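File shown here: start25.cif, holding mmCIF, C-alpha atoms.
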data_work
#
loop_
_atom_site.label_atom_id
_atom_site.label_comp_id
_atom_site.auth_asym_id
_atom_site.auth_seq_id
_atom_site.Cartn_x
_atom_site.Cartn_y
_atom_site.Cartn_z
CA MET C 215 -6.23 -3.66 -13.09
CA ASP C 216 -7.60 -6.40 -10.93
CA VAL C 217 -5.96 -9.67 -10.04
CA GLU C 218 -4.12 -10.11 -13.29
CA LEU C 219 -1.58 -7.53 -12.14
CA ILE C 220 -0.30 -10.01 -9.55
CA PHE C 221 -0.25 -12.87 -12.01
CA LYS C 222 1.57 -10.71 -14.56
CA ILE C 223 4.28 -9.88 -12.02
CA ALA C 224 4.58 -13.53 -11.02
CA ALA C 225 4.80 -14.60 -14.66
CA ILE C 226 7.56 -12.09 -15.35
CA GLY C 227 9.38 -13.24 -12.22
CA ILE C 228 9.26 -16.90 -13.20
CA LEU C 229 10.23 -16.10 -16.79
CA VAL C 230 13.22 -14.07 -15.65
CA ALA C 231 14.26 -16.82 -13.24
CA VAL C 232 14.13 -19.44 -16.00
CA LEU C 233 15.93 -17.22 -18.49
CA ASN C 234 18.52 -16.45 -15.90
CA GLN C 235 19.26 -20.11 -15.26
CA LEU C 236 19.31 -20.78 -18.99
CA LEU C 237 21.82 -18.02 -19.67
CA ILE C 238 24.00 -18.94 -16.70
CA ARG C 239 24.14 -22.59 -17.76
CA SER C 240 25.13 -21.58 -21.29
CA GLY C 241 28.00 -19.53 -19.89
CA ARG C 242 26.58 -15.98 -20.45
CA GLU C 243 26.53 -14.57 -16.95
CA GLU C 244 26.41 -10.93 -18.13
CA GLN C 245 23.26 -11.45 -20.24
CA ALA C 246 21.73 -13.31 -17.30
CA MET C 247 22.30 -10.34 -15.05
CA LEU C 248 20.96 -7.98 -17.72
CA THR C 249 17.75 -9.97 -18.20
CA THR C 250 17.24 -10.03 -14.44
CA LEU C 251 17.68 -6.26 -14.36
CA ALA C 252 15.33 -5.78 -17.33
CA GLY C 253 12.66 -7.94 -15.73
CA LEU C 254 12.99 -6.03 -12.49
CA ILE C 255 12.61 -2.68 -14.27
CA VAL C 256 9.50 -3.84 -16.13
CA VAL C 257 7.89 -5.04 -12.92
CA LEU C 258 8.94 -1.88 -11.11
CA THR C 259 7.27 0.37 -13.72
CA MET C 260 4.04 -1.63 -13.47
CA VAL C 261 4.01 -1.43 -9.67
CA ILE C 262 4.86 2.27 -9.65
CA ARG C 263 1.98 2.98 -12.05
CA GLU C 264 -0.34 1.16 -9.64
CA ILE C 265 1.02 3.12 -6.68
CA SER C 266 0.55 6.47 -8.41
CA GLU C 267 -3.02 5.48 -9.27
CA LEU C 268 -3.58 4.53 -5.61
CA PHE C 269 -2.20 7.84 -4.37
CA SER C 270 -4.42 9.86 -6.73
CA THR C 271 -7.46 7.85 -5.59
CA ILE C 272 -6.54 8.41 -1.95
CA LYS C 273 -6.21 12.13 -2.60
CA SER C 274 -9.69 12.18 -4.10
CA VAL C 275 -11.32 9.96 -1.47
CA PHE C 276 -9.75 11.57 1.60
CA GLY C 277 -9.80 15.06 0.15
CA LEU C 278 -6.17 15.66 1.03
CA MET X 265 -19.54 -10.72 -0.90
CA ASP X 266 -16.40 -8.80 -1.66
CA ILE X 267 -14.48 -10.38 1.14
CA PHE X 268 -14.07 -13.58 -0.89
CA LYS X 269 -12.43 -11.57 -3.66
CA PHE X 270 -10.05 -9.98 -1.17
CA ILE X 271 -9.14 -13.33 0.39
CA GLY X 272 -8.60 -14.81 -3.07
CA ILE X 273 -6.28 -11.99 -4.07
CA ALA X 274 -4.31 -12.22 -0.83
CA LEU X 275 -3.92 -16.00 -1.01
CA SER X 276 -2.85 -16.01 -4.64
CA GLY X 277 -0.36 -13.24 -3.88
CA VAL X 278 1.07 -15.19 -0.95
CA LEU X 279 1.36 -18.40 -2.97
CA LEU X 280 3.06 -16.67 -5.86
CA SER X 281 5.48 -14.83 -3.61
CA VAL X 282 6.45 -18.05 -1.84
CA VAL X 283 7.07 -19.72 -5.19
CA LEU X 284 9.17 -16.84 -6.36
CA LYS X 285 11.11 -16.50 -3.11
CA GLN X 286 13.58 -19.29 -3.78
CA TYR X 287 14.23 -18.22 -7.37
CA ARG X 288 14.18 -14.43 -7.40
CA GLY X 289 13.89 -12.81 -3.96
CA GLU X 290 13.17 -9.29 -5.20
CA TYR X 291 9.92 -10.36 -6.85
CA GLN X 292 8.56 -11.34 -3.46
CA VAL X 293 8.70 -7.69 -2.41
CA MET X 294 7.09 -6.66 -5.70
CA ILE X 295 4.21 -9.09 -5.31
CA ALA X 296 3.71 -8.08 -1.67
CA LEU X 297 3.62 -4.41 -2.66
CA SER X 298 1.21 -4.96 -5.53
CA CYS X 299 -1.08 -7.11 -3.37
CA GLY X 300 -1.09 -4.45 -0.65
CA VAL X 301 -1.80 -1.68 -3.12
CA LEU X 302 -4.53 -3.70 -4.84
CA LEU X 303 -6.33 -4.67 -1.63
CA PHE X 304 -6.14 -1.14 -0.29
CA PHE X 305 -7.44 0.17 -3.61
CA LEU X 306 -10.36 -2.24 -3.60
CA SER X 307 -11.29 -1.46 0.00
CA LEU X 308 -11.21 2.31 -0.66
CA ASP X 309 -14.81 2.47 -1.85
CA TYR X 310 -15.93 0.91 1.44
CA MET X 311 -13.93 3.58 3.23
CA SER X 312 -15.36 6.42 1.15
CA ASP X 313 -18.99 5.61 1.89
CA VAL X 314 -18.17 5.05 5.58
CA PHE X 315 -16.69 8.53 5.63
CA SER X 316 -19.65 10.06 3.81
CA GLN X 317 -22.03 8.54 6.39
CA LEU X 318 -19.79 9.78 9.22
CA GLN X 319 -19.77 13.21 7.63
CA SER X 320 -23.55 13.37 7.49
CA LEU X 321 -23.64 12.19 11.13
CA ALA X 322 -21.13 14.89 12.13
CA ALA X 323 -23.13 17.52 10.23
CA ARG X 324 -26.28 16.53 12.13
CA PHE X 325 -24.61 16.91 15.55
CA ASN X 326 -22.88 20.10 14.23
CA VAL X 327 -19.43 18.78 15.10
CA ASN X 328 -16.77 21.27 13.98
CA ARG X 329 -15.88 20.68 10.31
CA ASP X 330 -12.07 20.71 10.61
CA PHE X 331 -12.03 18.22 13.52
CA PHE X 332 -13.52 15.70 11.15
CA SER X 333 -11.13 16.44 8.28
CA VAL X 334 -8.17 16.06 10.65
CA MET X 335 -9.49 12.66 11.65
CA ILE X 336 -9.88 11.60 8.02
CA LYS X 337 -6.36 12.76 7.20
CA ALA X 338 -4.97 10.89 10.20
CA VAL X 339 -6.71 7.70 9.06
CA ALA X 340 -5.26 8.12 5.57
CA VAL X 341 -1.73 8.70 6.89
CA ALA X 342 -2.02 5.73 9.24
CA CYS X 343 -3.22 3.37 6.52
CA LEU X 344 -0.48 4.35 4.07
CA CYS X 345 2.20 4.23 6.73
CA GLU X 346 1.06 0.78 7.78
CA ILE X 347 1.38 -0.52 4.21
CA GLY X 348 4.92 0.82 3.93
CA VAL X 349 6.04 -0.33 7.37
CA ASN X 350 4.79 -3.89 6.96
CA LEU X 351 6.35 -4.09 3.53
CA CYS X 352 9.71 -2.95 4.88
CA LYS X 353 9.50 -5.51 7.69
CA ASP X 354 8.57 -8.26 5.23
CA ALA X 355 11.57 -7.45 3.10
CA GLY X 356 13.73 -7.77 6.22
CA GLU X 357 14.48 -4.05 6.54
CA SER X 358 12.87 -3.46 9.94
CA ALA X 359 15.17 -0.47 10.56
CA ILE X 360 13.72 1.42 7.60
CA GLY X 361 10.25 0.31 8.66
CA SER X 362 10.64 1.73 12.14
CA LYS X 363 11.91 5.04 10.71
CA LEU X 364 8.85 5.20 8.47
CA GLU X 365 6.63 4.43 11.44
CA PHE X 366 8.29 7.24 13.40
CA ALA X 367 7.74 9.68 10.52
CA GLY X 368 4.10 8.64 10.26
CA LYS X 369 3.53 9.24 13.97
CA LEU X 370 5.09 12.69 13.66
CA VAL X 371 2.89 13.59 10.70
CA ILE X 372 -0.24 12.49 12.56
CA LEU X 373 0.88 14.39 15.67
CA ALA X 374 1.45 17.54 13.63
CA LEU X 375 -1.98 17.09 12.07
CA SER X 376 -3.80 16.68 15.36
CA LEU X 377 -1.99 19.39 17.36
CA PRO X 378 -4.33 22.32 16.51
CA VAL X 379 -7.37 20.23 17.39
CA PHE X 380 -5.78 19.31 20.69
CA LEU X 381 -4.99 22.97 21.45
CA GLU X 382 -8.55 23.96 20.63
CA ALA X 383 -9.87 21.29 22.97
CA LEU X 384 -7.53 22.53 25.72
CA THR X 385 -8.71 26.11 25.35
CA ALA X 386 -12.32 24.92 25.46
CA VAL X 387 -11.66 22.96 28.65
CA SER X 388 -9.72 25.78 30.29
CA SER X 389 -12.52 28.22 29.53
CA LEU X 390 -14.90 25.88 31.35
CA LEU X 391 -12.79 25.83 34.49
#
Hey, can you dump this file as structure tokens for me?
Amino acid sequence: MDVELIFKIAAIGILVAVLNQLLIRSGREEQAMLTTLAGLIVVLTMVIREISELFSTIKSVFGL
Amino acid sequence: MDIFKFIGIALSGVLLSVVLKQYRGEYQVMIALSCGVLLFFLSLDYMSDVFSQLQSLAARFNVNRDFFSVMIKAVAVACLCEIGVNLCKDAGESAIGSKLEFAGKLVILALSLPVFLEALTAVSSLL
């Protein structure tokens, strides 16, 4: 849960960027857009899981 | 010291988000959000033992219990609002950020109103 979350997101971002360029150069713009969307959804689920964990911790710490 | 860990996380997050900015802009917001959440998460245990010490202090001077819980809630709302507002401003959406800030102020005001009324009645009874 520590720092590797940030590196994971960065790795996915770079991978999607490279794949995107690759697909665009080879003439498949639709797949490029789909891979970008897929990468975004994967990263979004990871971040949302972290946020929900943060909110539950805040509820417990602050006694809300 | 933990502060080195925090600085390391923040710097790596900044570097990665700058790298990713020119390729995929949306990942910059993701990295900023995850860095903010991570740093806030890591600093929570400092905050919890600060609050426990404050609570024992308040118990010794028999400060009213709900004044203290209102203060804690206000601190929590302020911290979360600040994360959201700065993130919105980073992403270039300062309009949404200011609306979030406005909502946060209203929530804190609503929280602190009963305490304020109680203080007023105490003061007026003195006069």
**Item:** 10 Å contacts from chain X to chain C using only C-alpha atoms, as a PyMOL selection string
**Value:** chain X and resi 269-270+272-274+276-277+279-281+283-292+294-306+308-309+311-313+315-316+333-334+336-340+344
**Best match for closeness to X:Arg329 among X:Cys352, X:Val379, X:Ile271, X:Ala342, counting all atoms listed in the file** =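 Of X:Cys352, X:Val379, X:Ile271, X:Ala342, the one nearest X:Arg329 is X:Val379, counting all atoms listed in the file.
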**Message:** What does the structure give for the distance between atom CA of X:Leu370 and atom CA of X:Cys345, in Å to one decimal?
**Reply:** 11.3 Å
How big is the axis-aligned box around all listed atoms of stretch 244-259 of chain C once 6 Å goes on each side, and where's its centre, in Å to one decimal, as AutoDock Vina command-line options?
--center_x 16.8 --center_y -6.5 --center_z -15.7 --size_x 31.1 --size_y 25.7 --size_z 21.1
**Asked** What do you get, as an MDAnalysis selection string, if you spell out every residue that the PyMOL selection byres ((chain X and resi 348) around 10) selects here?
**Response** chainID X and resid 297 300 343:347 349:354 360:361 364:365
**Request:** Using atom CA of X:Asp266 and atom CA of X:Val314 as the two end points, give the distance in Å to one decimal.
**Result:**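 Straight-line distance from atom CA of X:Asp266 to atom CA of X:Val314 works out to 15.7 Å.
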**Request:** Could you check how far atom CA of X:Leu373 sits from atom CA of X:Val293, in Å to one decimal?
**Result:**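 Separation of atom CA of X:Leu373 and atom CA of X:Val293: 29.6 Å.
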Quick one: residues within 12 Å of C:Leu236, only C-alpha atoms counted, chain neighbours fewer than 3 positions away excluded, as a compact mmCIF listing (two decimals) with C-alpha atoms, keeping the file's coordinate frame?
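Just written: part-v1.txt:
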# COMPACT_ATOMS: atom_id res chain seq x y z
CA LEU C 229 10.23 -16.10 -16.79
CA VAL C 230 13.22 -14.07 -15.65
CA ALA C 231 14.26 -16.82 -13.24
CA VAL C 232 14.13 -19.44 -16.00
CA LEU C 233 15.93 -17.22 -18.49
CA ARG C 239 24.14 -22.59 -17.76
CA SER C 240 25.13 -21.58 -21.29
CA GLY C 241 28.00 -19.53 -19.89
CA ARG C 242 26.58 -15.98 -20.45
CA GLU C 243 26.53 -14.57 -16.95
CA GLN C 245 23.26 -11.45 -20.24
CA ALA C 246 21.73 -13.31 -17.30
CA MET C 247 22.30 -10.34 -15.05
CA THR C 249 17.75 -9.97 -18.20
CA THR C 250 17.24 -10.03 -14.44
Mind rebuilding stretch 342-364 of chain X with N, CA, C and O atoms and writing that out as a compact mmCIF listing (two decimals), in the coordinates of the input?
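What landed in part06.txt:
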# COMPACT_ATOMS: atom_id res chain seq x y z
N ALA X 342 -2.29 6.98 8.52
CA ALA X 342 -2.02 5.73 9.24
C ALA X 342 -2.08 4.54 8.29
O ALA X 342 -1.20 3.66 8.31
N CYS X 343 -3.09 4.53 7.42
CA CYS X 343 -3.22 3.37 6.52
C CYS X 343 -2.00 3.27 5.61
O CYS X 343 -1.39 2.20 5.46
N LEU X 344 -1.60 4.42 5.01
CA LEU X 344 -0.48 4.35 4.07
C LEU X 344 0.80 3.96 4.78
O LEU X 344 1.57 3.12 4.32
N CYS X 345 0.99 4.56 5.97
CA CYS X 345 2.20 4.23 6.73
C CYS X 345 2.23 2.75 7.04
O CYS X 345 3.28 2.10 6.96
N GLU X 346 1.08 2.19 7.37
CA GLU X 346 1.06 0.78 7.78
C GLU X 346 1.45 -0.11 6.61
O GLU X 346 2.20 -1.07 6.77
N ILE X 347 0.98 0.27 5.39
CA ILE X 347 1.38 -0.52 4.21
C ILE X 347 2.90 -0.51 4.08
O ILE X 347 3.55 -1.54 3.97
N GLY X 348 3.48 0.70 4.13
CA GLY X 348 4.92 0.82 3.93
C GLY X 348 5.70 0.10 5.00
O GLY X 348 6.66 -0.63 4.74
N VAL X 349 5.25 0.26 6.27
CA VAL X 349 6.04 -0.33 7.37
C VAL X 349 6.02 -1.84 7.27
O VAL X 349 7.05 -2.51 7.35
N ASN X 350 4.83 -2.43 7.01
CA ASN X 350 4.79 -3.89 6.96
C ASN X 350 5.59 -4.41 5.78
O ASN X 350 6.24 -5.46 5.86
N LEU X 351 5.58 -3.64 4.69
CA LEU X 351 6.35 -4.09 3.53
C LEU X 351 7.83 -4.08 3.86
O LEU X 351 8.56 -5.04 3.58
N CYS X 352 8.29 -3.00 4.53
CA CYS X 352 9.71 -2.95 4.88
C CYS X 352 10.06 -4.11 5.80
O CYS X 352 11.08 -4.78 5.63
N LYS X 353 9.18 -4.41 6.75
CA LYS X 353 9.50 -5.51 7.69
C LYS X 353 9.51 -6.83 6.96
O LYS X 353 10.35 -7.70 7.22
N ASP X 354 8.57 -7.01 5.99
CA ASP X 354 8.57 -8.26 5.23
C ASP X 354 9.87 -8.45 4.49
O ASP X 354 10.43 -9.54 4.42
N ALA X 355 10.36 -7.34 3.90
CA ALA X 355 11.57 -7.45 3.10
C ALA X 355 12.81 -7.59 3.99
O ALA X 355 13.92 -7.67 3.49
N GLY X 356 12.59 -7.56 5.33
CA GLY X 356 13.73 -7.77 6.22
C GLY X 356 14.39 -6.48 6.64
O GLY X 356 15.35 -6.47 7.40
N GLU X 357 13.86 -5.33 6.20
CA GLU X 357 14.48 -4.05 6.54
C GLU X 357 13.69 -3.41 7.68
O GLU X 357 13.02 -2.39 7.50
N SER X 358 13.72 -4.01 8.88
CA SER X 358 12.87 -3.46 9.94
C SER X 358 13.39 -2.10 10.39
O SER X 358 12.63 -1.29 10.92
N ALA X 359 14.67 -1.79 10.15
CA ALA X 359 15.17 -0.47 10.56
C ALA X 359 14.46 0.61 9.76
O ALA X 359 13.93 1.58 10.32
N ILE X 360 14.40 0.41 8.43
CA ILE X 360 13.72 1.42 7.60
C ILE X 360 12.26 1.49 7.99
O ILE X 360 11.66 2.57 8.09
N GLY X 361 11.66 0.32 8.29
CA GLY X 361 10.25 0.31 8.66
C GLY X 361 9.99 1.12 9.91
O GLY X 361 9.05 1.92 9.97
N SER X 362 10.88 0.98 10.89
CA SER X 362 10.64 1.73 12.14
C SER X 362 10.83 3.22 11.88
O SER X 362 10.08 4.03 12.43
N LYS X 363 11.76 3.60 11.00
CA LYS X 363 11.91 5.04 10.71
C LYS X 363 10.64 5.56 10.05
O LYS X 363 10.15 6.64 10.37
N LEU X 364 10.08 4.76 9.14
CA LEU X 364 8.85 5.20 8.47
C LEU X 364 7.72 5.33 9.47
O LEU X 364 6.93 6.27 9.44
